[in-house]
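Containing mmCIF, C-alpha atoms and all ligand atoms: run_10.cif.
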```cif
data_target
#
loop_
_atom_site.group_PDB
_atom_site.id
_atom_site.type_symbol
_atom_site.label_atom_id
_atom_site.label_comp_id
_atom_site.auth_asym_id
_atom_site.auth_seq_id
_atom_site.Cartn_x
_atom_site.Cartn_y
_atom_site.Cartn_z
ATOM 1 C CA MET V 1113 92.979 63.978 72.777
ATOM 2 C CA MET V 1114 90.214 66.531 73.270
ATOM 3 C CA ARG V 1115 90.309 70.132 72.095
ATOM 4 C CA VAL V 1116 89.124 72.352 74.941
ATOM 5 C CA MET V 1117 87.828 75.306 72.873
ATOM 6 C CA GLU V 1118 87.306 75.851 69.171
ATOM 7 C CA PRO V 1119 89.123 78.971 67.946
ATOM 8 C CA GLY V 1120 87.197 82.174 68.498
ATOM 9 C CA ARG V 1121 86.771 85.212 70.683
ATOM 10 C CA LEU V 1122 86.320 84.021 74.260
ATOM 11 C CA LYS V 1123 83.488 85.173 76.445
ATOM 12 C CA LEU V 1124 84.982 85.290 79.926
ATOM 13 C CA ALA V 1125 83.615 85.646 83.425
ATOM 14 C CA VAL V 1126 86.060 86.469 86.207
ATOM 15 C CA LEU V 1127 85.470 85.336 89.780
ATOM 16 C CA ALA V 1128 87.475 87.303 92.318
ATOM 17 C CA SER V 1129 87.456 87.776 96.087
ATOM 18 C CA GLY V 1130 90.072 90.485 96.451
ATOM 19 C CA ARG V 1131 92.377 92.979 94.801
ATOM 20 C CA GLY V 1132 91.659 92.145 91.168
ATOM 21 C CA SER V 1133 95.084 92.730 89.635
ATOM 22 C CA ASN V 1134 94.778 89.610 87.476
ATOM 23 C CA PHE V 1135 91.375 90.786 86.293
ATOM 24 C CA LEU V 1136 92.902 94.139 85.366
ATOM 25 C CA ALA V 1137 95.818 92.519 83.549
ATOM 26 C CA LEU V 1138 93.378 90.494 81.437
ATOM 27 C CA TRP V 1139 91.273 93.531 80.707
ATOM 28 C CA GLU V 1140 94.338 95.528 79.657
ATOM 29 C CA ALA V 1141 95.570 92.695 77.426
ATOM 30 C CA ILE V 1142 92.181 92.695 75.704
ATOM 31 C CA GLN V 1143 92.354 96.472 75.184
ATOM 32 C CA LYS V 1144 95.829 96.097 73.670
ATOM 33 C CA GLY V 1145 94.631 93.394 71.305
ATOM 34 C CA GLU V 1146 96.834 90.751 72.944
ATOM 35 C CA LEU V 1147 93.936 88.627 74.123
ATOM 36 C CA ASP V 1148 91.032 87.787 71.850
ATOM 37 C CA ALA V 1149 88.350 87.823 74.503
ATOM 38 C CA GLU V 1150 85.619 89.811 76.132
ATOM 39 C CA ILE V 1151 85.127 89.958 79.896
ATOM 40 C CA CYS V 1152 81.344 89.855 80.150
ATOM 41 C CA LEU V 1153 81.039 89.686 83.897
ATOM 42 C CA LEU V 1154 82.916 89.853 87.183
ATOM 43 C CA ILE V 1155 81.461 88.084 90.193
ATOM 44 C CA SER V 1156 82.712 88.454 93.740
ATOM 45 C CA ASP V 1157 81.749 86.648 96.925
ATOM 46 C CA LYS V 1158 83.093 89.601 98.952
ATOM 47 C CA GLU V 1159 81.244 92.899 98.990
ATOM 48 C CA GLU V 1160 84.410 94.825 99.858
ATOM 49 C CA ALA V 1161 86.547 93.252 97.112
ATOM 50 C CA PRO V 1162 88.432 95.991 95.219
ATOM 51 C CA ALA V 1163 88.001 93.831 92.104
ATOM 52 C CA LEU V 1164 84.336 94.895 91.958
ATOM 53 C CA GLY V 1165 85.249 98.580 91.686
ATOM 54 C CA LYS V 1166 87.915 97.834 89.100
ATOM 55 C CA ALA V 1167 85.330 96.048 86.962
ATOM 56 C CA VAL V 1168 82.855 98.907 87.255
ATOM 57 C CA ASP V 1169 85.601 101.363 86.238
ATOM 58 C CA ALA V 1170 86.274 99.190 83.195
ATOM 59 C CA GLY V 1171 82.593 99.273 82.286
ATOM 60 C CA ILE V 1172 82.089 95.599 83.078
ATOM 61 C CA THR V 1173 79.059 94.198 84.869
ATOM 62 C CA ALA V 1174 80.117 93.495 88.453
ATOM 63 C CA LEU V 1175 77.991 91.330 90.715
ATOM 64 C CA PHE V 1176 78.417 90.733 94.417
ATOM 65 C CA ILE V 1177 76.762 87.416 95.136
ATOM 66 C CA ASP V 1178 76.670 86.872 98.874
ATOM 67 C CA PRO V 1179 77.212 83.213 99.806
ATOM 68 C CA ARG V 1180 75.452 83.902 103.109
ATOM 69 C CA GLY V 1181 72.261 84.414 101.170
ATOM 70 C CA TYR V 1182 72.147 80.727 100.176
ATOM 71 C CA GLN V 1183 71.506 77.610 102.198
ATOM 72 C CA ASN V 1184 74.484 75.680 100.887
ATOM 73 C CA ARG V 1185 77.253 75.706 98.306
ATOM 74 C CA GLU V 1186 75.051 73.976 95.719
ATOM 75 C CA GLN V 1187 72.455 76.740 95.790
ATOM 76 C CA TYR V 1188 75.094 79.454 95.785
ATOM 77 C CA GLU V 1189 76.830 77.921 92.791
ATOM 78 C CA ALA V 1190 73.518 77.368 91.005
ATOM 79 C CA GLU V 1191 73.010 81.134 91.139
ATOM 80 C CA ILE V 1192 76.510 81.736 89.749
ATOM 81 C CA VAL V 1193 75.931 79.206 86.961
ATOM 82 C CA ALA V 1194 72.629 80.894 86.091
ATOM 83 C CA GLN V 1195 74.483 84.199 85.673
ATOM 84 C CA LEU V 1196 77.166 82.547 83.543
ATOM 85 C CA VAL V 1197 74.738 80.684 81.323
ATOM 86 C CA ALA V 1198 72.606 83.794 80.841
ATOM 87 C CA ARG V 1199 75.665 85.477 79.287
ATOM 88 C CA ASN V 1200 76.881 82.503 77.251
ATOM 89 C CA ILE V 1201 80.180 82.414 79.094
ATOM 90 C CA ASP V 1202 82.832 80.122 77.541
ATOM 91 C CA ILE V 1203 85.485 80.192 80.242
ATOM 92 C CA VAL V 1204 85.285 80.951 83.956
ATOM 93 C CA VAL V 1205 88.468 82.628 85.168
ATOM 94 C CA LEU V 1206 89.233 82.338 88.861
ATOM 95 C CA ALA V 1207 91.448 85.244 89.872
ATOM 96 C CA GLY V 1208 91.987 85.309 93.590
ATOM 97 C CA TYR V 1209 88.652 83.576 94.214
ATOM 98 C CA MET V 1210 89.017 82.253 97.736
ATOM 99 C CA ARG V 1211 86.538 79.361 97.607
ATOM 100 C CA LEU V 1212 86.725 75.766 96.572
ATOM 101 C CA VAL V 1213 84.661 75.186 93.456
ATOM 102 C CA GLY V 1214 82.010 72.512 93.940
ATOM 103 C CA LYS V 1215 80.167 70.016 91.825
ATOM 104 C CA VAL V 1216 77.487 72.353 90.507
ATOM 105 C CA MET V 1217 79.973 74.678 88.826
ATOM 106 C CA LEU V 1218 82.319 71.870 87.807
ATOM 107 C CA ASP V 1219 79.518 69.933 86.112
ATOM 108 C CA ALA V 1220 78.230 73.017 84.301
ATOM 109 C CA TYR V 1221 81.698 74.134 83.134
ATOM 110 C CA LYS V 1222 83.731 70.949 82.831
ATOM 111 C CA MET V 1223 87.329 71.851 81.847
ATOM 112 C CA ARG V 1224 86.090 75.393 81.308
ATOM 113 C CA ILE V 1225 87.155 76.788 84.670
ATOM 114 C CA VAL V 1226 90.732 77.999 85.016
ATOM 115 C CA ASN V 1227 92.690 79.209 88.022
ATOM 116 C CA ILE V 1228 96.018 80.847 88.687
ATOM 117 C CA HIS V 1229 98.107 79.796 91.648
ATOM 118 C CA PRO V 1230 101.196 81.653 92.903
ATOM 119 C CA ALA V 1231 103.506 78.629 93.109
ATOM 120 C CA LEU V 1232 104.791 75.834 90.918
ATOM 121 C CA LEU V 1233 102.155 73.162 91.437
ATOM 122 C CA PRO V 1234 101.920 70.532 92.741
ATOM 123 C CA SER V 1235 104.066 72.249 95.392
ATOM 124 C CA PHE V 1236 102.563 74.658 97.898
ATOM 125 C CA THR V 1237 98.842 74.387 97.318
ATOM 126 C CA GLY V 1238 96.295 76.438 99.207
ATOM 127 C CA LEU V 1239 96.804 79.691 101.045
ATOM 128 C CA ASN V 1240 100.043 81.653 101.447
ATOM 129 C CA ALA V 1241 101.825 79.736 98.718
ATOM 130 C CA GLN V 1242 104.629 82.290 98.459
ATOM 131 C CA GLN V 1243 105.366 82.103 102.193
ATOM 132 C CA GLN V 1244 105.189 78.310 102.067
ATOM 133 C CA ALA V 1245 107.812 78.341 99.309
ATOM 134 C CA LEU V 1246 110.080 80.659 101.316
ATOM 135 C CA ASP V 1247 109.690 78.555 104.459
ATOM 136 C CA TYR V 1248 110.623 75.453 102.495
ATOM 137 C CA GLY V 1249 113.735 77.149 101.151
ATOM 138 C CA VAL V 1250 113.161 76.590 97.439
ATOM 139 C CA LYS V 1251 115.495 78.380 95.013
ATOM 140 C CA VAL V 1252 112.856 78.894 92.323
ATOM 141 C CA SER V 1253 109.125 79.354 92.492
ATOM 142 C CA GLY V 1254 106.578 80.834 90.128
ATOM 143 C CA CYS V 1255 102.984 80.508 89.080
ATOM 144 C CA THR V 1256 100.699 77.930 87.528
ATOM 145 C CA VAL V 1257 97.665 78.334 85.301
ATOM 146 C CA HIS V 1258 95.526 75.223 85.499
ATOM 147 C CA PHE V 1259 92.084 73.819 84.885
ATOM 148 C CA VAL V 1260 90.005 73.452 88.008
ATOM 149 C CA ASP V 1261 88.893 70.056 89.233
ATOM 150 C CA GLU V 1262 87.358 68.942 92.517
ATOM 151 C CA GLY V 1263 90.656 69.153 94.399
ATOM 152 C CA MET V 1264 92.425 72.208 95.742
ATOM 153 C CA ASP V 1265 94.902 73.414 93.093
ATOM 154 C CA THR V 1266 95.114 69.910 91.602
ATOM 155 C CA GLY V 1267 93.717 70.246 88.062
ATOM 156 C CA PRO V 1268 95.581 69.771 84.745
ATOM 157 C CA ILE V 1269 98.357 72.326 84.241
ATOM 158 C CA ILE V 1270 98.152 74.628 81.220
ATOM 159 C CA MET V 1271 101.180 76.829 81.798
ATOM 160 C CA GLN V 1272 103.820 77.566 84.386
ATOM 161 C CA ALA V 1273 106.326 80.398 84.740
ATOM 162 C CA VAL V 1274 109.400 80.320 86.954
ATOM 163 C CA VAL V 1275 110.950 83.067 89.055
ATOM 164 C CA VAL V 1276 114.204 82.927 91.009
ATOM 165 C CA VAL V 1277 113.996 83.125 94.800
ATOM 166 C CA TYR V 1278 116.708 85.395 96.198
ATOM 167 C CA PRO V 1279 118.306 84.889 99.628
ATOM 168 C CA ASN V 1280 116.943 88.188 100.925
ATOM 169 C CA ASP V 1281 113.403 87.676 99.604
ATOM 170 C CA ASN V 1282 110.438 88.095 101.895
ATOM 171 C CA GLU V 1283 106.794 87.273 101.196
ATOM 172 C CA ASP V 1284 106.140 90.696 99.679
ATOM 173 C CA SER V 1285 109.138 90.781 97.383
ATOM 174 C CA LEU V 1286 108.624 87.226 96.153
ATOM 175 C CA SER V 1287 104.874 87.758 95.691
ATOM 176 C CA ALA V 1288 105.511 90.882 93.635
ATOM 177 C CA ARG V 1289 107.976 89.071 91.360
ATOM 178 C CA ILE V 1290 105.547 86.169 90.911
ATOM 179 C CA LEU V 1291 102.626 88.535 90.269
ATOM 180 C CA VAL V 1292 104.342 89.973 87.187
ATOM 181 C CA GLU V 1293 104.519 86.436 85.782
ATOM 182 C CA GLU V 1294 100.932 85.702 86.822
ATOM 183 C CA HIS V 1295 99.626 88.576 84.762
ATOM 184 C CA ARG V 1296 101.656 87.521 81.744
ATOM 185 C CA SER V 1297 100.910 83.801 82.028
ATOM 186 C CA TYR V 1298 97.175 84.208 82.535
ATOM 187 C CA CYS V 1299 96.852 86.317 79.383
ATOM 188 C CA GLN V 1300 98.989 83.913 77.375
ATOM 189 C CA ALA V 1301 97.155 80.810 78.551
ATOM 190 C CA LEU V 1302 93.764 82.330 77.743
ATOM 191 C CA GLN V 1303 94.994 83.464 74.339
ATOM 192 C CA LEU V 1304 96.036 79.860 73.608
ATOM 193 C CA LEU V 1305 92.482 78.814 74.466
ATOM 194 C CA ALA V 1306 91.099 81.532 72.188
ATOM 195 C CA GLU V 1307 93.285 80.232 69.371
ATOM 196 C CA GLY V 1308 91.935 76.727 69.883
ATOM 197 C CA ARG V 1309 95.420 75.424 70.615
ATOM 198 C CA VAL V 1310 94.744 73.760 73.958
ATOM 199 C CA PHE V 1311 94.123 70.008 73.992
ATOM 200 C CA ILE V 1312 93.826 67.614 76.898
ATOM 201 C CA LYS V 1313 94.462 63.926 77.285
ATOM 202 C CA ASP V 1314 94.133 62.286 80.680
ATOM 203 C CA ARG V 1315 95.527 64.989 82.909
ATOM 204 C CA THR V 1316 98.123 66.327 80.483
ATOM 205 C CA VAL V 1317 97.475 69.516 78.560
ATOM 206 C CA HIS V 1318 99.009 69.725 75.093
ATOM 207 C CA ILE V 1319 99.553 73.048 73.339
ATOM 208 C CA ASN V 1320 99.501 72.844 69.548
HETATM 209 C C1 LIG R 1401 97.087 85.966 93.086
HETATM 210 O O1 LIG R 1401 98.343 85.868 93.692
HETATM 211 C C2 LIG R 1401 96.623 84.624 92.602
HETATM 212 O O2 LIG R 1401 97.673 83.810 92.170
HETATM 213 C C3 LIG R 1401 95.986 84.030 93.833
HETATM 214 O O3 LIG R 1401 95.356 85.117 94.458
HETATM 215 C C4 LIG R 1401 95.997 86.327 94.076
HETATM 216 C C5 LIG R 1401 94.964 87.214 93.485
HETATM 217 O O4 LIG R 1401 95.458 88.481 93.189
HETATM 218 N N1 LIG R 1401 95.116 82.940 93.467
HETATM 219 P P1 LIG R 1401 94.561 89.524 92.427
HETATM 220 O O5 LIG R 1401 93.254 89.641 93.189
HETATM 221 O O6 LIG R 1401 94.356 89.026 91.024
HETATM 222 O O7 LIG R 1401 95.347 90.788 92.458
#
```
Just give me the structure as structure tokens.
Amino acid sequence: MMRVMEPGRLKLAVLASGRGSNFLALWEAIQKGELDAEICLLISDKEEAPALGKAVDAGITALFIDPRGYQNREQYEAEIVAQLVARNIDIVVLAGYMRLVGKVMLDAYKMRIVNIHPALLPSFTGLNAQQQALDYGVKVSGCTVHFVDEGMDTGPIIMQAVVVVYPNDNEDSLSARILVEEHRSYCQALQLLAEGRVFIKDRTVHIN
């Protein structure tokens, strides 16, 4: 059994491609004293991502790193890792980051990259998870906080939260109900890491 983080205030970097509501939820939890962490940096691969503006408003360094400026994923990720290392980041938080993480980042931050997915993994990986769940006809769905590995939404699960799917749900209504749980779960899972309570053995995460 391996402890993922020793107890202590976490230095976080958030990677986001879009809206940034999970980023904001984490930032607010920190302000309220519910999450013992500091968001040192937000990086986006999309210049127009609203998450960048939200970070600036919160007084957090926000970097747009354009993947088109690099020859391949390795070089792009090497730049991201350089930014993370320069700020002594403990945990990389993917929050609506719409790229597969490759070997360069995974090697540099082994079991230190977390993601949130809007479905109960291993069901409905990838894009449009909420619509996939509706199309399948499930009666419950939810969200999953997990460590990132080389697969798509396949890494060890830290926490899951369940929401009921109602007969009249559509993608928007279900997504909104799941999003409330995403914000809560992401803060809770990161707080467990800050408290040094997260252990991993094989692919099973144990919370002490
Ligand atoms: C969330 O639904 C998250 O689960 C998924 O992308 C969305 C990001 O939302 N990975 P936001 O940018 O945090 O508002």
Next on the checklist: Take the PyMOL selection byres (((chain V and resi 1260) around 6) and not hetatm), run it mentally on this structure, and tell me the resulting residues as a ChimeraX atom specification.
Outcome noted: /V:1225-1226,1259,1261,1267
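Within 9 Å of V:Phe1176, once all atoms listed in the file are used and residues closer than 4 positions along the same chain are dropped, the contacting residues are V:Leu1154, V:Ile1155, V:Ser1156, V:Asp1157, V:Lys1158, V:Glu1159, V:Ala1161, V:Leu1164.
Near stretch 1198-1200 of chain V, within 12 Å and counting all atoms listed in the file, sit Leu1122, Lys1123, Leu1124, Ala1125, Glu1150, Ile1151, Cys1152, Leu1153, Leu1154, Thr1173, Glu1191, Ile1192, Val1193, Ala1194, Gln1195, Leu1196, Asp1202, Ile1203, Val1204, Ala1220 and Tyr1221 of chain V, not including residues fewer than 2 positions from it in the same chain.
Closest approach to V:Gln1303 among V:Val1252, V:Met1217, V:Met1113, V:Ala1149: V:Ala1149, based on only C-alpha atoms.
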Report the residues retrieved by the PyMOL selection byres (((chain V and resi 1305) around 10) and not hetatm) from the displayed file, expressed as a PDB file with C-alpha atoms, in the coordinates of the input.
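Saved file result.pdb follows:
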```pdb
ATOM      1  CA  ARG V1115      90.309  70.132  72.095  1.00  0.00           C
ATOM      2  CA  VAL V1116      89.124  72.352  74.941  1.00  0.00           C
ATOM      3  CA  MET V1117      87.828  75.306  72.873  1.00  0.00           C
ATOM      4  CA  GLU V1118      87.306  75.851  69.171  1.00  0.00           C
ATOM      5  CA  PRO V1119      89.123  78.971  67.946  1.00  0.00           C
ATOM      6  CA  GLY V1120      87.197  82.174  68.498  1.00  0.00           C
ATOM      7  CA  ARG V1121      86.771  85.212  70.683  1.00  0.00           C
ATOM      8  CA  LEU V1122      86.320  84.021  74.260  1.00  0.00           C
ATOM      9  CA  LEU V1147      93.936  88.627  74.123  1.00  0.00           C
ATOM     10  CA  ASP V1148      91.032  87.787  71.850  1.00  0.00           C
ATOM     11  CA  ALA V1149      88.350  87.823  74.503  1.00  0.00           C
ATOM     12  CA  ILE V1203      85.485  80.192  80.242  1.00  0.00           C
ATOM     13  CA  ARG V1224      86.090  75.393  81.308  1.00  0.00           C
ATOM     14  CA  ILE V1270      98.152  74.628  81.220  1.00  0.00           C
ATOM     15  CA  CYS V1299      96.852  86.317  79.383  1.00  0.00           C
ATOM     16  CA  GLN V1300      98.989  83.913  77.375  1.00  0.00           C
ATOM     17  CA  ALA V1301      97.155  80.810  78.551  1.00  0.00           C
ATOM     18  CA  LEU V1302      93.764  82.330  77.743  1.00  0.00           C
ATOM     19  CA  GLN V1303      94.994  83.464  74.339  1.00  0.00           C
ATOM     20  CA  LEU V1304      96.036  79.860  73.608  1.00  0.00           C
ATOM     21  CA  ALA V1306      91.099  81.532  72.188  1.00  0.00           C
ATOM     22  CA  GLU V1307      93.285  80.232  69.371  1.00  0.00           C
ATOM     23  CA  GLY V1308      91.935  76.727  69.883  1.00  0.00           C
ATOM     24  CA  ARG V1309      95.420  75.424  70.615  1.00  0.00           C
ATOM     25  CA  VAL V1310      94.744  73.760  73.958  1.00  0.00           C
ATOM     26  CA  PHE V1311      94.123  70.008  73.992  1.00  0.00           C
ATOM     27  CA  ILE V1319      99.553  73.048  73.339  1.00  0.00           C
TER      28      ILE V1319
END
```
Item to check | Cut-off 8 Å around (110.0, 77.6, 96.1) with all atoms listed in the file: residues as a count of residues only | outcome: 14
Using all atoms of ligand LIG 1401 (chain R) listed in the file and a margin of 6 Å per side, can you give the axis-aligned box centre and edge lengths in Å to one decimal, as lines of an AutoDock Vina configuration file?
```
center_x = 95.8
center_y = 86.9
center_z = 92.7
size_x = 17.1
size_y = 19.8
size_z = 15.4
```
Checklist outcome for this item: Here atom CA of V:Ile1177 and atom CA of V:Ala1137 stand apart by 22.9 Å
Checklist entry - Which is closest to ligand LIG 1401 (chain R) among V:Gln1243, V:Ser1287, V:Gln1272, V:Ser1235, if we use only C-alpha atoms and all ligand atoms? => result V:Ser1287
Write out, as CSV, each residue of chain V that has an atom at most 7 Å from ligand LIG 1401 (chain R), together with the closest pair of atoms and their distance in Å to one decimal, counting only C-alpha atoms and all ligand atoms, rows going by chain and rising number.
```
residue,atom,partner,partner_atom,distance
V:Ala1128,CA,R:LIG1401,O5,6.3
V:Ser1129,CA,R:LIG1401,O5,6.7
V:Gly1130,CA,R:LIG1401,O5,4.6
V:Arg1131,CA,R:LIG1401,O5,3.8
V:Gly1132,CA,R:LIG1401,O5,3.6
V:Ser1133,CA,R:LIG1401,O7,3.4
V:Asn1134,CA,R:LIG1401,O6,3.6
V:Phe1135,CA,R:LIG1401,O6,5.9
V:Ala1163,CA,R:LIG1401,O5,6.8
V:Ala1207,CA,R:LIG1401,O6,4.9
V:Gly1208,CA,R:LIG1401,O3,3.5
V:Tyr1209,CA,R:LIG1401,N1,6.5
V:Ile1228,CA,R:LIG1401,O2,4.9
V:His1229,CA,R:LIG1401,O2,4.1
V:Pro1230,CA,R:LIG1401,O2,4.2
V:Cys1255,CA,R:LIG1401,O2,7.0
V:Leu1291,CA,R:LIG1401,O1,6.1
V:Glu1294,CA,R:LIG1401,O2,6.5
```
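Atom to atom, atom CA of V:Asp1247 and atom CA of V:Asn1280 stand 12.6 Å apart.
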Please rebuild stretch 1137-1166 of chain V with N, CA and C atoms and return the result as a compact mmCIF listing (two decimals), keeping the file's coordinate frame.
```
# COMPACT_ATOMS: atom_id res chain seq x y z
N ALA V 1137 94.82 92.90 84.56
CA ALA V 1137 95.82 92.52 83.55
C ALA V 1137 95.13 91.90 82.33
N LEU V 1138 94.11 91.10 82.56
CA LEU V 1138 93.38 90.49 81.44
C LEU V 1138 92.65 91.57 80.65
N TRP V 1139 92.02 92.46 81.37
CA TRP V 1139 91.27 93.53 80.71
C TRP V 1139 92.21 94.38 79.86
N GLU V 1140 93.38 94.71 80.41
CA GLU V 1140 94.34 95.53 79.66
C GLU V 1140 94.85 94.78 78.43
N ALA V 1141 95.09 93.49 78.58
CA ALA V 1141 95.57 92.70 77.43
C ALA V 1141 94.52 92.69 76.32
N ILE V 1142 93.26 92.65 76.71
CA ILE V 1142 92.18 92.70 75.70
C ILE V 1142 92.19 94.05 75.01
N GLN V 1143 92.33 95.12 75.79
CA GLN V 1143 92.35 96.47 75.18
C GLN V 1143 93.50 96.61 74.20
N LYS V 1144 94.65 95.99 74.53
CA LYS V 1144 95.83 96.10 73.67
C LYS V 1144 95.77 95.16 72.47
N GLY V 1145 94.73 94.34 72.41
CA GLY V 1145 94.63 93.39 71.31
C GLY V 1145 95.51 92.16 71.47
N GLU V 1146 95.97 91.91 72.71
CA GLU V 1146 96.83 90.75 72.94
C GLU V 1146 96.03 89.52 73.35
N LEU V 1147 94.80 89.73 73.70
CA LEU V 1147 93.94 88.63 74.12
C LEU V 1147 92.59 88.77 73.42
N ASP V 1148 92.26 87.74 72.64
CA ASP V 1148 91.03 87.79 71.85
C ASP V 1148 89.87 87.30 72.72
N ALA V 1149 89.39 88.20 73.54
CA ALA V 1149 88.35 87.82 74.50
C ALA V 1149 87.54 89.05 74.90
N GLU V 1150 86.44 88.75 75.56
CA GLU V 1150 85.62 89.81 76.13
C GLU V 1150 85.31 89.39 77.56
N ILE V 1151 85.54 90.27 78.52
CA ILE V 1151 85.13 89.96 79.90
C ILE V 1151 83.69 90.44 80.04
N CYS V 1152 82.77 89.51 80.14
CA CYS V 1152 81.34 89.86 80.15
C CYS V 1152 80.84 90.14 81.55
N LEU V 1153 81.58 89.67 82.55
CA LEU V 1153 81.04 89.69 83.90
C LEU V 1153 82.15 89.46 84.92
N LEU V 1154 82.07 90.18 86.03
CA LEU V 1154 82.92 89.85 87.18
C LEU V 1154 81.99 89.57 88.36
N ILE V 1155 82.26 88.45 89.02
CA ILE V 1155 81.46 88.08 90.19
C ILE V 1155 82.39 88.02 91.39
N SER V 1156 81.95 88.59 92.51
CA SER V 1156 82.71 88.45 93.74
C SER V 1156 81.83 87.92 94.86
N ASP V 1157 82.44 87.14 95.73
CA ASP V 1157 81.75 86.65 96.92
C ASP V 1157 82.00 87.58 98.10
N LYS V 1158 82.75 88.65 97.87
CA LYS V 1158 83.09 89.60 98.95
C LYS V 1158 82.66 91.00 98.54
N GLU V 1159 81.79 91.59 99.34
CA GLU V 1159 81.24 92.90 98.99
C GLU V 1159 82.34 93.96 98.92
N GLU V 1160 83.37 93.80 99.77
CA GLU V 1160 84.41 94.82 99.86
C GLU V 1160 85.57 94.57 98.89
N ALA V 1161 85.43 93.58 98.01
CA ALA V 1161 86.55 93.25 97.11
C ALA V 1161 86.84 94.41 96.16
N PRO V 1162 88.07 94.92 96.16
CA PRO V 1162 88.43 95.99 95.22
C PRO V 1162 88.22 95.58 93.76
N ALA V 1163 88.22 94.30 93.48
CA ALA V 1163 88.00 93.83 92.10
C ALA V 1163 86.66 94.33 91.56
N LEU V 1164 85.65 94.44 92.42
CA LEU V 1164 84.34 94.90 91.96
C LEU V 1164 84.42 96.32 91.40
N GLY V 1165 85.10 97.19 92.13
CA GLY V 1165 85.25 98.58 91.69
C GLY V 1165 86.06 98.67 90.41
N LYS V 1166 87.09 97.83 90.31
CA LYS V 1166 87.92 97.83 89.10
C LYS V 1166 87.08 97.44 87.88
```
